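Pasted below: start.tsv, TSV, C-alpha atoms and all ligand atoms.
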```tsv
chain	number	residue	atom	x	y	z
A	265	MET	CA	0.00	0.00	0.00
A	266	ASN	CA	1.21	3.50	-0.76
A	267	ILE	CA	1.93	5.65	2.26
A	268	LEU	CA	0.84	8.81	0.47
A	269	GLU	CA	-1.95	9.06	-2.07
A	270	ALA	CA	-2.94	12.53	-3.24
A	271	HIS	CA	-5.49	12.76	-6.02
A	272	HIS	CA	-6.55	15.66	-8.24
A	273	LEU	CA	-5.59	18.38	-5.79
A	274	GLN	CA	-6.70	21.88	-6.71
A	275	LYS	CA	-6.14	25.21	-5.02
A	276	THR	CA	-6.95	28.75	-6.10
A	277	TYR	CA	-5.90	31.69	-3.92
A	278	ARG	CA	-7.77	34.96	-3.95
A	279	THR	CA	-5.88	38.17	-3.46
A	280	GLN	CA	-7.92	41.37	-3.61
A	281	GLY	CA	-10.70	39.48	-5.38
A	282	LYS	CA	-8.33	38.18	-8.09
A	283	PRO	CA	-8.03	34.41	-8.44
A	284	ILE	CA	-4.54	32.88	-8.60
A	285	VAL	CA	-4.65	29.24	-9.66
A	286	ALA	CA	-1.74	27.74	-7.74
A	287	VAL	CA	-2.51	24.02	-8.16
A	288	LYS	CA	-4.73	22.83	-11.00
A	289	ASN	CA	-4.64	19.06	-10.87
A	290	VAL	CA	-1.98	17.29	-8.88
A	291	SER	CA	-1.88	13.58	-8.10
A	292	LEU	CA	1.07	12.01	-6.32
A	293	SER	CA	1.71	8.72	-4.61
A	294	ILE	CA	4.68	7.44	-2.63
A	295	ALA	CA	5.33	3.86	-1.53
A	296	PRO	CA	7.32	2.77	1.53
A	297	ASN	CA	11.13	3.08	1.07
A	298	GLN	CA	10.63	5.62	-1.71
A	299	VAL	CA	11.97	9.13	-2.13
A	300	LEU	CA	9.91	11.21	-4.55
A	301	ALA	CA	11.65	14.35	-5.81
A	302	PHE	CA	8.94	16.93	-6.39
A	303	LEU	CA	10.48	19.45	-8.76
A	304	GLY	CA	9.31	22.62	-10.42
A	305	PRO	CA	10.34	26.20	-11.12
A	306	ASN	CA	9.52	29.02	-8.69
A	307	GLY	CA	5.81	29.50	-8.33
A	308	ALA	CA	4.95	26.11	-9.88
A	309	GLY	CA	2.78	25.07	-6.94
A	310	LYS	CA	5.10	22.83	-4.89
A	311	THR	CA	4.67	24.54	-1.53
A	312	THR	CA	0.91	24.79	-1.98
A	313	THR	CA	0.73	21.06	-2.76
A	314	ILE	CA	2.91	20.13	0.21
A	315	LYS	CA	0.85	22.33	2.52
A	316	MET	CA	-2.31	20.57	1.35
A	317	ILE	CA	-0.68	17.19	2.06
A	318	ALA	CA	0.48	18.44	5.46
A	319	GLY	CA	-3.07	19.53	6.33
A	320	LEU	CA	-2.07	23.21	6.51
A	321	ILE	CA	-4.23	24.33	3.57
A	322	LEU	CA	-7.62	22.90	2.68
A	323	PRO	CA	-7.75	21.91	-1.01
A	324	ASP	CA	-10.62	23.29	-3.11
A	325	ASN	CA	-10.88	19.84	-4.62
A	326	GLY	CA	-9.17	16.48	-4.55
A	327	SER	CA	-8.17	14.12	-1.78
A	328	VAL	CA	-5.20	13.25	0.41
A	329	ARG	CA	-4.73	9.87	2.06
A	330	ILE	CA	-1.88	9.14	4.44
A	331	VAL	CA	-1.63	5.43	5.22
A	332	GLY	CA	-5.20	5.22	3.93
A	333	HIS	CA	-6.59	7.99	6.19
A	334	ASP	CA	-7.92	11.42	5.32
A	335	PRO	CA	-6.10	14.13	7.33
A	336	PHE	CA	-8.97	16.57	6.93
A	337	ARG	CA	-11.61	14.20	8.32
A	338	GLU	CA	-9.40	12.39	10.79
A	339	PRO	CA	-6.98	14.94	12.24
A	340	LYS	CA	-5.11	12.12	14.03
A	341	THR	CA	-3.80	11.16	10.58
A	342	LEU	CA	-1.42	14.11	10.81
A	343	GLY	CA	0.46	12.10	13.44
A	344	GLN	CA	1.52	9.87	10.53
A	345	LEU	CA	3.61	12.62	8.99
A	346	GLY	CA	6.65	14.65	9.84
A	347	ALA	CA	7.54	17.82	7.97
A	348	VAL	CA	10.45	20.19	7.62
A	349	LEU	CA	9.03	23.11	5.70
A	350	GLU	CA	10.40	26.61	5.11
A	351	GLY	CA	13.92	26.00	6.38
A	352	ASN	CA	14.30	24.91	9.98
A	353	ARG	CA	11.62	27.00	11.54
A	354	ASN	CA	10.19	24.01	13.35
A	355	LEU	CA	12.82	24.57	16.06
A	356	TYR	CA	12.94	26.71	19.19
A	357	TRP	CA	16.21	28.55	18.84
A	358	ARG	CA	16.72	29.33	22.52
A	359	LEU	CA	16.18	25.74	23.57
A	360	THR	CA	18.74	22.96	23.24
A	361	PRO	CA	18.45	20.03	20.79
A	362	GLU	CA	17.50	17.78	23.70
A	363	GLU	CA	14.78	20.17	24.89
A	364	ASN	CA	13.42	20.64	21.36
A	365	LEU	CA	13.17	16.91	20.75
A	366	GLU	CA	11.57	16.13	24.11
A	367	TYR	CA	9.15	19.05	23.80
A	368	PHE	CA	7.98	18.08	20.32
A	369	GLY	CA	7.85	14.42	21.33
A	370	VAL	CA	5.39	15.16	24.12
A	371	LEU	CA	3.48	17.57	21.86
A	372	ARG	CA	3.13	14.72	19.35
A	373	GLY	CA	1.59	12.52	22.03
A	374	LEU	CA	4.57	10.53	23.32
A	375	SER	CA	4.92	9.89	27.04
A	376	GLN	CA	7.77	11.75	28.76
A	377	ARG	CA	9.69	8.49	29.05
A	378	VAL	CA	9.31	7.50	25.38
A	379	ALA	CA	10.06	11.08	24.26
A	380	ARG	CA	13.30	10.93	26.27
A	381	GLN	CA	14.27	7.57	24.78
A	382	ARG	CA	13.56	8.70	21.21
A	383	THR	CA	15.47	11.93	21.87
A	384	HIS	CA	18.51	9.98	23.00
A	385	THR	CA	18.37	7.65	19.96
A	386	LEU	CA	17.91	10.48	17.47
A	387	LEU	CA	20.67	12.65	18.98
A	388	GLU	CA	23.11	9.74	18.70
A	389	ARG	CA	22.00	8.79	15.23
A	390	PHE	CA	22.12	12.33	13.82
A	391	GLY	CA	25.57	13.03	15.32
A	392	LEU	CA	24.15	15.66	17.68
A	393	ALA	CA	24.83	14.02	21.05
A	394	GLU	CA	27.81	16.26	21.83
A	395	LYS	CA	25.74	19.38	21.20
A	396	ARG	CA	22.64	18.23	23.01
A	397	ARG	CA	22.90	20.89	25.73
A	398	LYS	CA	23.90	23.87	23.52
A	399	THR	CA	21.19	26.27	22.40
A	400	VAL	CA	20.04	25.73	18.82
A	401	GLN	CA	21.06	29.25	17.81
A	402	THR	CA	24.73	28.41	18.51
A	403	LEU	CA	24.74	25.34	16.26
A	404	SER	CA	26.01	25.31	12.68
A	405	ARG	CA	23.41	25.49	9.93
A	406	GLY	CA	24.06	21.86	9.04
A	407	MET	CA	23.42	20.76	12.62
A	408	GLN	CA	20.27	22.87	12.82
A	409	GLN	CA	19.03	21.22	9.65
A	410	LYS	CA	19.77	17.75	10.97
A	411	LEU	CA	17.99	18.62	14.20
A	412	ALA	CA	14.97	19.89	12.24
A	413	ILE	CA	14.78	16.50	10.50
A	414	ALA	CA	15.21	14.67	13.82
A	415	VAL	CA	12.35	16.71	15.32
A	416	ALA	CA	10.15	15.77	12.35
A	417	LEU	CA	10.91	12.11	13.09
A	418	ILE	CA	10.40	12.20	16.85
A	419	HIS	CA	7.03	10.39	16.67
A	420	ASP	CA	8.34	7.90	14.07
A	421	PRO	CA	6.02	8.92	11.21
A	422	PRO	CA	5.85	6.83	8.01
A	423	LEU	CA	5.69	9.95	5.79
A	424	LEU	CA	8.30	12.71	5.80
A	425	LEU	CA	7.94	15.97	3.87
A	426	LEU	CA	11.25	17.73	3.27
A	427	ASP	CA	11.34	21.14	1.66
A	428	GLU	CA	14.85	22.10	0.43
A	429	PRO	CA	16.68	20.05	3.09
A	430	THR	CA	20.17	20.91	1.80
A	431	LEU	CA	19.67	24.59	0.99
A	432	GLY	CA	22.62	26.71	2.14
A	433	LEU	CA	24.59	23.77	3.55
A	434	ASP	CA	28.30	23.20	2.91
A	435	VAL	CA	29.57	20.08	1.14
A	436	GLU	CA	30.08	18.02	4.29
A	437	ALA	CA	26.72	18.91	5.84
A	438	THR	CA	25.00	18.24	2.49
A	439	GLU	CA	26.57	14.78	2.33
A	440	SER	CA	25.50	14.07	5.87
A	441	VAL	CA	21.87	15.14	5.23
A	442	LYS	CA	21.82	13.10	1.99
A	443	ARG	CA	23.01	10.02	3.87
A	444	LEU	CA	20.33	10.52	6.52
A	445	VAL	CA	17.58	10.90	3.91
A	446	ARG	CA	18.64	7.60	2.33
A	447	GLU	CA	18.71	5.85	5.68
A	448	ILE	CA	15.34	7.25	6.73
A	449	ALA	CA	13.74	6.02	3.48
A	450	ALA	CA	15.40	2.60	3.84
A	451	GLU	CA	13.60	2.18	7.17
A	452	GLY	CA	10.36	1.88	5.22
A	453	ARG	CA	9.31	5.52	5.18
A	454	ALA	CA	8.00	7.53	2.22
A	455	ILE	CA	9.78	10.83	1.60
A	456	LEU	CA	8.53	13.76	-0.43
A	457	LEU	CA	11.49	15.97	-1.23
A	458	THR	CA	11.49	19.34	-2.92
A	459	THR	CA	14.70	20.96	-4.02
A	460	HIS	CA	16.03	23.27	-6.69
A	461	GLN	CA	19.38	21.40	-6.45
A	462	LEU	CA	18.70	18.93	-9.24
A	463	ASN	CA	21.92	16.96	-8.78
A	464	ILE	CA	20.79	16.17	-5.26
A	465	ALA	CA	17.32	15.19	-6.50
A	466	GLU	CA	18.97	12.89	-9.03
A	467	GLU	CA	21.14	11.22	-6.40
A	468	LEU	CA	18.45	10.80	-3.77
A	469	SER	CA	15.23	10.09	-5.57
A	470	ASP	CA	13.61	6.86	-6.68
A	471	ARG	CA	10.96	8.76	-8.60
A	472	VAL	CA	10.69	12.27	-10.00
A	473	ALA	CA	7.56	14.37	-10.44
A	474	ILE	CA	7.82	17.67	-12.31
A	475	ILE	CA	5.17	20.31	-11.71
A	476	HIS	CA	4.72	23.40	-13.86
A	477	GLN	CA	1.97	26.00	-13.61
A	478	GLY	CA	0.05	23.85	-11.14
A	479	GLU	CA	0.09	20.65	-13.21
A	480	ILE	CA	2.22	17.52	-13.10
A	481	LEU	CA	4.09	17.26	-16.41
A	482	LEU	CA	5.64	13.88	-15.69
A	483	GLU	CA	6.09	11.37	-12.91
A	484	GLU	CA	8.50	8.48	-13.46
A	485	PRO	CA	11.15	6.35	-11.79
A	486	THR	CA	14.39	8.37	-11.85
A	487	PRO	CA	16.53	5.75	-13.68
A	488	ASP	CA	13.84	5.31	-16.39
A	489	LEU	CA	13.69	9.05	-16.91
A	490	ILE	CA	17.48	9.35	-17.24
A	491	GLN	CA	17.54	6.37	-19.60
A	492	GLN	CA	14.73	7.79	-21.72
A	493	PHE	CA	16.50	11.13	-22.18
A	494	SER	CA	19.98	9.68	-22.66
A	495	GLY	CA	21.28	9.69	-26.21
A	496	SER	CA	22.78	6.82	-28.14
A	497	THR	CA	26.15	8.52	-28.47
A	498	TYR	CA	29.18	6.62	-27.13
A	499	LEU	CA	32.52	8.04	-26.19
A	500	ILE	CA	35.76	6.03	-26.25
A	501	GLU	CA	38.92	7.40	-24.70
A	502	LEU	CA	42.15	5.61	-25.61
A	503	GLU	CA	45.42	5.40	-23.71
A	504	GLN	CA	47.26	6.77	-26.76
A	505	GLU	CA	46.67	8.77	-29.95
A	506	LEU	CA	45.47	6.88	-33.02
A	507	ASP	CA	47.51	6.05	-36.12
A	508	SER	CA	46.39	7.55	-39.44
A	509	ASP	CA	45.16	4.22	-40.85
A	510	ARG	CA	42.72	3.69	-37.97
A	511	ILE	CA	41.69	7.37	-38.03
A	512	SER	CA	40.57	7.14	-41.65
A	513	LYS	CA	38.73	3.83	-41.13
A	514	ILE	CA	36.88	5.14	-38.05
A	515	ALA	CA	36.09	8.50	-39.68
A	516	ALA	CA	34.58	6.59	-42.61
A	517	LEU	CA	32.10	5.10	-40.14
A	518	GLY	CA	30.88	8.58	-39.22
A	519	SER	CA	32.69	9.11	-35.92
A	520	THR	CA	34.62	12.17	-34.80
A	521	ILE	CA	38.16	11.79	-33.52
A	522	THR	CA	39.98	14.37	-31.42
A	523	ALA	CA	43.42	13.41	-30.04
A	524	ASN	CA	42.73	10.16	-28.15
A	525	THR	CA	38.92	10.48	-27.97
A	526	ILE	CA	36.36	9.04	-30.36
A	527	GLN	CA	32.76	10.19	-30.38
A	528	ILE	CA	30.40	7.63	-31.90
A	529	PRO	CA	26.99	9.09	-32.80
A	530	ASN	CA	25.67	5.85	-34.30
A	531	ALA	CA	25.48	3.00	-31.76
A	532	ASP	CA	25.46	0.43	-34.61
A	533	THR	CA	29.06	1.32	-35.42
A	534	LEU	CA	30.31	0.75	-31.86
A	535	TYR	CA	31.44	-2.86	-32.36
A	536	PRO	CA	32.95	-2.34	-35.84
A	537	ILE	CA	34.97	0.54	-34.32
A	538	MET	CA	36.03	-1.64	-31.39
A	539	ALA	CA	37.26	-4.19	-33.94
A	540	ILE	CA	39.34	-1.51	-35.65
A	541	LEU	CA	40.78	-0.41	-32.31
A	542	ASN	CA	41.66	-3.93	-31.21
A	543	PRO	CA	44.18	-4.47	-29.49
A	544	LEU	CA	44.86	-0.85	-28.45
A	545	PRO	CA	44.33	-0.22	-24.73
A	546	ILE	CA	41.08	1.64	-23.96
A	547	HIS	CA	41.09	4.10	-21.06
A	548	ARG	CA	37.31	4.39	-20.79
A	549	ILE	CA	34.12	3.88	-22.74
A	550	GLU	CA	30.80	5.44	-21.82
A	551	ARG	CA	27.35	6.16	-23.14
A	552	GLU	CA	26.27	9.78	-23.10
A	553	GLN	CA	24.07	10.20	-20.02
A	554	ALA	CA	21.38	12.82	-19.61
A	555	ASN	CA	21.25	14.49	-16.22
A	556	LEU	CA	18.21	15.71	-14.35
A	557	THR	CA	19.07	19.36	-14.99
A	558	ASP	CA	18.95	18.86	-18.79
A	559	ILE	CA	15.77	16.79	-18.50
A	560	PHE	CA	14.08	19.33	-16.21
A	561	LEU	CA	14.83	22.21	-18.59
A	562	LYS	CA	13.63	20.25	-21.62
A	563	VAL	CA	10.38	19.24	-19.94
A	564	ILE	CA	9.65	22.73	-18.59
A	565	GLN	CA	10.39	24.43	-21.92
A	566	GLN	CA	8.32	22.05	-24.05
B	1	LIG	N1	-0.90	32.74	0.24
B	1	LIG	C1	-0.94	32.99	-1.07
B	1	LIG	N2	-1.79	33.92	-1.56
B	1	LIG	C2	-1.85	34.18	-2.89
B	1	LIG	N3	-1.09	33.57	-3.81
B	1	LIG	C3	-0.21	32.64	-3.38
B	1	LIG	C4	-0.09	32.31	-1.99
B	1	LIG	N4	0.86	31.34	-1.87
B	1	LIG	C5	1.31	31.09	-3.12
B	1	LIG	N5	0.67	31.86	-4.03
B	1	LIG	C6	0.86	31.83	-5.49
B	1	LIG	O1	0.57	30.51	-5.93
B	1	LIG	C7	1.46	30.10	-6.95
B	1	LIG	C8	2.18	28.83	-6.48
B	1	LIG	O2	3.02	29.14	-5.38
B	1	LIG	P1	3.85	28.06	-4.55
B	1	LIG	O3	4.46	28.78	-3.39
B	1	LIG	O4	2.98	26.90	-4.25
B	1	LIG	O5	4.97	27.64	-5.61
B	1	LIG	P2	6.37	26.89	-5.38
B	1	LIG	O6	6.46	25.90	-6.49
B	1	LIG	O7	6.47	26.39	-4.01
B	1	LIG	O8	7.44	28.03	-5.61
B	1	LIG	P3	8.94	28.22	-4.99
B	1	LIG	O9	9.83	27.24	-5.67
B	1	LIG	O10	9.25	29.63	-5.38
B	1	LIG	O11	8.83	28.03	-3.51
B	1	LIG	C9	2.39	31.27	-7.19
B	1	LIG	O12	1.86	32.01	-8.28
B	1	LIG	C10	2.30	32.07	-5.90
B	1	LIG	O13	2.54	33.43	-6.15
```
This structure in structure tokens:
Amino acid sequence: MNILEAHHLQKTYRTQGKPIVAVKNVSLSIAPNQVLAFLGPNGAGKTTTIKMIAGLILPDNGSVRIVGHDPFREPKTLGQLGAVLEGNRNLYWRLTPEENLEYFGVLRGLSQRVARQRTHTLLERFGLAEKRRKTVQTLSRGMQQKLAIAVALIHDPPLLLLDEPTLGLDVEATESVKRLVREIAAEGRAILLTTHQLNIAEELSDRVAIIHQGEILLEEPTPDLIQQFSGSTYLIELEQELDSDRISKIAALGSTITANTIQIPNADTLYPIMAILNPLPIHRIEREQANLTDIFLKVIQQ
């Protein structure tokens, strides 16, 4: 069963009597162990969609089910989700990590004892144990972000909503948050991730959904999407430069040769070219791979 099922969500804002259609028709689903990267340009409707899923905005139309329950009819359903939205504003900056975790644990319905146990486990796991008694405002941005995620997990929810979890973090903190996201998903949770850092989306996601002007343009498994947009061009890099005989034979097959690199636009000629190269040592051979940034731009501009 999917942990999240959102169907045909719609939302129109009204400012000074003028309607602004933020979300026209959005359906999303996420299974256990899955990270869905929810991507779109500024103003595409991501935050509005996430807020509807998080029960913060009532949709005009459509439905949300979290582990089969409707958060708008059964408010207890919201206990099934954790969210880090709009940076790390889910923290009390003058309290310590320990106090934040225990406080939110009790607020989420845990007993004092269980809240304390979970706090201890999460502090250890997120590498925050040493800083547990420092106020949040004195922690690095990376640590604050990790704490924000820990707080969202205090009640062990199956669904986690993460809005820009690596924004403004340095390389090390980014790696650490990425590792945590993978681990959290591997525990059987569903994660909805928004980010404008498409390389991170590509690394972390199992599926990608692209929203533009309030509508989902595509939703597919990330490897399928990359495969689909990847060309059939191969690149061979040799250990040494080619002799003139081989150059003319390979050029006759339609490939381009520069120094020790051969670009093969027609995949059918790959093996004939390999036969010509034999037995020269090959440094590397690769198929041209699309990346999520190229794909995103193509899809948005279509
Ligand atoms: N409270 C609001 N009142 C009126 N219009 C709003 C409100 N919130 C968002 N909008 C408008 O709805 C549209 C979708 O906004 P939304 O914040 O959902 O997009 P987004 O994809 O999250 O963008 P970003 O990547 O910039 O955060 C935009 O045109 C935005 O200006």
Q | Neighbour list for stretch 373-382 of chain A as number ranges by chain, cut-off 9 Å, only C-alpha atoms, skip fewer than 5 positions in-chain | A | A: 343, 362, 365-368, 387, 418-420
Q: Name each residue within 6 Å of ligand LIG 1 (chain B), counting all atoms listed in the file, as number ranges by chain.
A: A: 277, 279, 284, 286, 304-312
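Computed from the coordinates, the atom CA of A:Leu371 to atom CA of A:Gly326 distance equals 29.3 Å.
Take atom CA of A:Gln504 and atom CA of A:Ile549: the distance between them is 14.0 Å.
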Q: Choose the residue, out of A:Arg389, A:Lys340, A:Arg396, A:Lys282, that has the smallest atom-to-atom separation from A:Glu363; count all atoms listed in the file.
A: A:Arg396
At most 9 Å is the cut-off: for each residue in stretch 455-504 of chain A with any atom that close to an atom of stretch 290-298 of chain A, write down the nearest atom pair and the distance in Å rounded to one decimal, counting all atoms listed in the file, chain first then increasing number, as JSON lines.
```
{"residue": "A:Ile455", "atom": "CA", "partner": "A:Gln298", "partner_atom": "CA", "distance": 6.2}
{"residue": "A:Leu456", "atom": "CA", "partner": "A:Ile294", "partner_atom": "CA", "distance": 7.7}
{"residue": "A:Ser469", "atom": "CA", "partner": "A:Gln298", "partner_atom": "CA", "distance": 7.5}
{"residue": "A:Asp470", "atom": "CA", "partner": "A:Gln298", "partner_atom": "CA", "distance": 5.9}
{"residue": "A:Arg471", "atom": "CA", "partner": "A:Gln298", "partner_atom": "CA", "distance": 7.6}
{"residue": "A:Ala473", "atom": "CA", "partner": "A:Leu292", "partner_atom": "CA", "distance": 8.0}
{"residue": "A:Ile475", "atom": "CA", "partner": "A:Val290", "partner_atom": "CA", "distance": 8.3}
{"residue": "A:Gly478", "atom": "CA", "partner": "A:Val290", "partner_atom": "CA", "distance": 7.2}
{"residue": "A:Glu479", "atom": "CA", "partner": "A:Val290", "partner_atom": "CA", "distance": 5.9}
{"residue": "A:Ile480", "atom": "CA", "partner": "A:Val290", "partner_atom": "CA", "distance": 6.0}
{"residue": "A:Glu483", "atom": "CA", "partner": "A:Leu292", "partner_atom": "CA", "distance": 8.3}
```
Same residues, C-alpha atoms, output as an mmCIF file, in the coordinates of the input:
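And here's again-v2.cif as it stands now:
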```cif
data_model
loop_
_atom_site.group_PDB
_atom_site.id
_atom_site.type_symbol
_atom_site.label_atom_id
_atom_site.label_comp_id
_atom_site.auth_asym_id
_atom_site.auth_seq_id
_atom_site.Cartn_x
_atom_site.Cartn_y
_atom_site.Cartn_z
ATOM 1 C CA ILE A 455 9.780 10.830 1.600
ATOM 2 C CA LEU A 456 8.530 13.760 -0.430
ATOM 3 C CA SER A 469 15.230 10.090 -5.570
ATOM 4 C CA ASP A 470 13.610 6.860 -6.680
ATOM 5 C CA ARG A 471 10.960 8.760 -8.600
ATOM 6 C CA ALA A 473 7.560 14.370 -10.440
ATOM 7 C CA ILE A 475 5.170 20.310 -11.710
ATOM 8 C CA GLY A 478 0.050 23.850 -11.140
ATOM 9 C CA GLU A 479 0.090 20.650 -13.210
ATOM 10 C CA ILE A 480 2.220 17.520 -13.100
ATOM 11 C CA GLU A 483 6.090 11.370 -12.910
#
```
Q) Which polymer residues have any atom within 10 Å of an atom of A:Leu425, counting only C-alpha atoms, with same-chain residues fewer than 4 positions away left out, as JSON, numbers by chain? A) {"A": [299, 300, 314, 315, 317, 318, 345, 346, 347, 348, 349, 413, 416, 429, 454, 455, 456, 457, 458]}
Q: Provide the atom CA of A:Val285 to atom CA of A:Asn463 distance in Å, to one decimal place.
A: 29.3 Å
Using all atoms listed in the file, list the residues that have an atom at most 7 Å from (45.0, 5.3, -24.6), coordinates as in the file, as a short mmCIF file (atom, residue, chain, number, x, y, z; two decimals) with C-alpha atoms, keeping the file's coordinate frame.
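Listing of out-v4.cif after writing:
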```cif
data_model
loop_
_atom_site.label_atom_id
_atom_site.label_comp_id
_atom_site.auth_asym_id
_atom_site.auth_seq_id
_atom_site.Cartn_x
_atom_site.Cartn_y
_atom_site.Cartn_z
CA GLU A 501 38.92 7.40 -24.70
CA LEU A 502 42.15 5.61 -25.61
CA GLU A 503 45.42 5.40 -23.71
CA GLN A 504 47.26 6.77 -26.76
CA GLU A 505 46.67 8.77 -29.95
CA ASN A 524 42.73 10.16 -28.15
CA PRO A 545 44.33 -0.22 -24.73
CA ILE A 546 41.08 1.64 -23.96
CA HIS A 547 41.09 4.10 -21.06
#
```
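Here the question is which of A:Ala516, A:Leu426, A:Ala412, A:Ile564 gets nearest to A:Asn354 using all atoms listed in the file, and that residue is A:Ala412.
Closest approach to A:Val331 among A:Arg453, A:His271, A:Lys410, A:Arg548 is made by A:Arg453 (distances from all atoms listed in the file).
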Q. Of the residues A:Met316, A:Ala554, A:Ile474, A:Ile511, which is the one nearest to A:Ile540, using only C-alpha atoms?
A. A:Ile511
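Using only C-alpha atoms, the shortest contact distance between A:Gly406 and any of A:Leu424, A:Ile528, A:Leu506, A:Leu433 is found at A:Leu433.
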Q. If we count all atoms listed in the file, what is near A:His460 at a cut-off of 10 Å, once residues fewer than 6 positions away on the same chain are taken out, given as an NGL selection string?
A. :A and (301-306 or 427-428 or 430-431 or 557)
Q) Between A:Ile330, A:Leu268, A:Glu466, A:Leu481, which is the closest to A:Val563 once you count all atoms listed in the file? A) A:Leu481
Q: Quick one: residues within 8 Å of (20.5, 9.3, -24.2) (file frame), counting only C-alpha atoms, please, as number ranges by chain.
A: A: 490-497, 551-554
Atoms kept (C-alpha atoms) for selection, written as a PDB file, keeping the file's coordinate frame:
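What ended up in selection26.pdb:
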```
ATOM      1  CA  ILE A 490      17.480   9.350 -17.240  1.00  0.00           C
ATOM      2  CA  GLN A 491      17.540   6.370 -19.600  1.00  0.00           C
ATOM      3  CA  GLN A 492      14.730   7.790 -21.720  1.00  0.00           C
ATOM      4  CA  PHE A 493      16.500  11.130 -22.180  1.00  0.00           C
ATOM      5  CA  SER A 494      19.980   9.680 -22.660  1.00  0.00           C
ATOM      6  CA  GLY A 495      21.280   9.690 -26.210  1.00  0.00           C
ATOM      7  CA  SER A 496      22.780   6.820 -28.140  1.00  0.00           C
ATOM      8  CA  THR A 497      26.150   8.520 -28.470  1.00  0.00           C
ATOM      9  CA  ARG A 551      27.350   6.160 -23.140  1.00  0.00           C
ATOM     10  CA  GLU A 552      26.270   9.780 -23.100  1.00  0.00           C
ATOM     11  CA  GLN A 553      24.070  10.200 -20.020  1.00  0.00           C
ATOM     12  CA  ALA A 554      21.380  12.820 -19.610  1.00  0.00           C
TER      13      ALA A 554
END
```
If I wrap all listed atoms of stretch 271-288 of chain A in a box with edges along x, y and z and add 6 Å on each side, what are its centre and edge lengths in Å to one decimal, as lines of an AutoDock Vina configuration file?
```
center_x = -6.2
center_y = 27.1
center_z = -7.2
size_x = 21.0
size_y = 40.6
size_z = 19.5
```
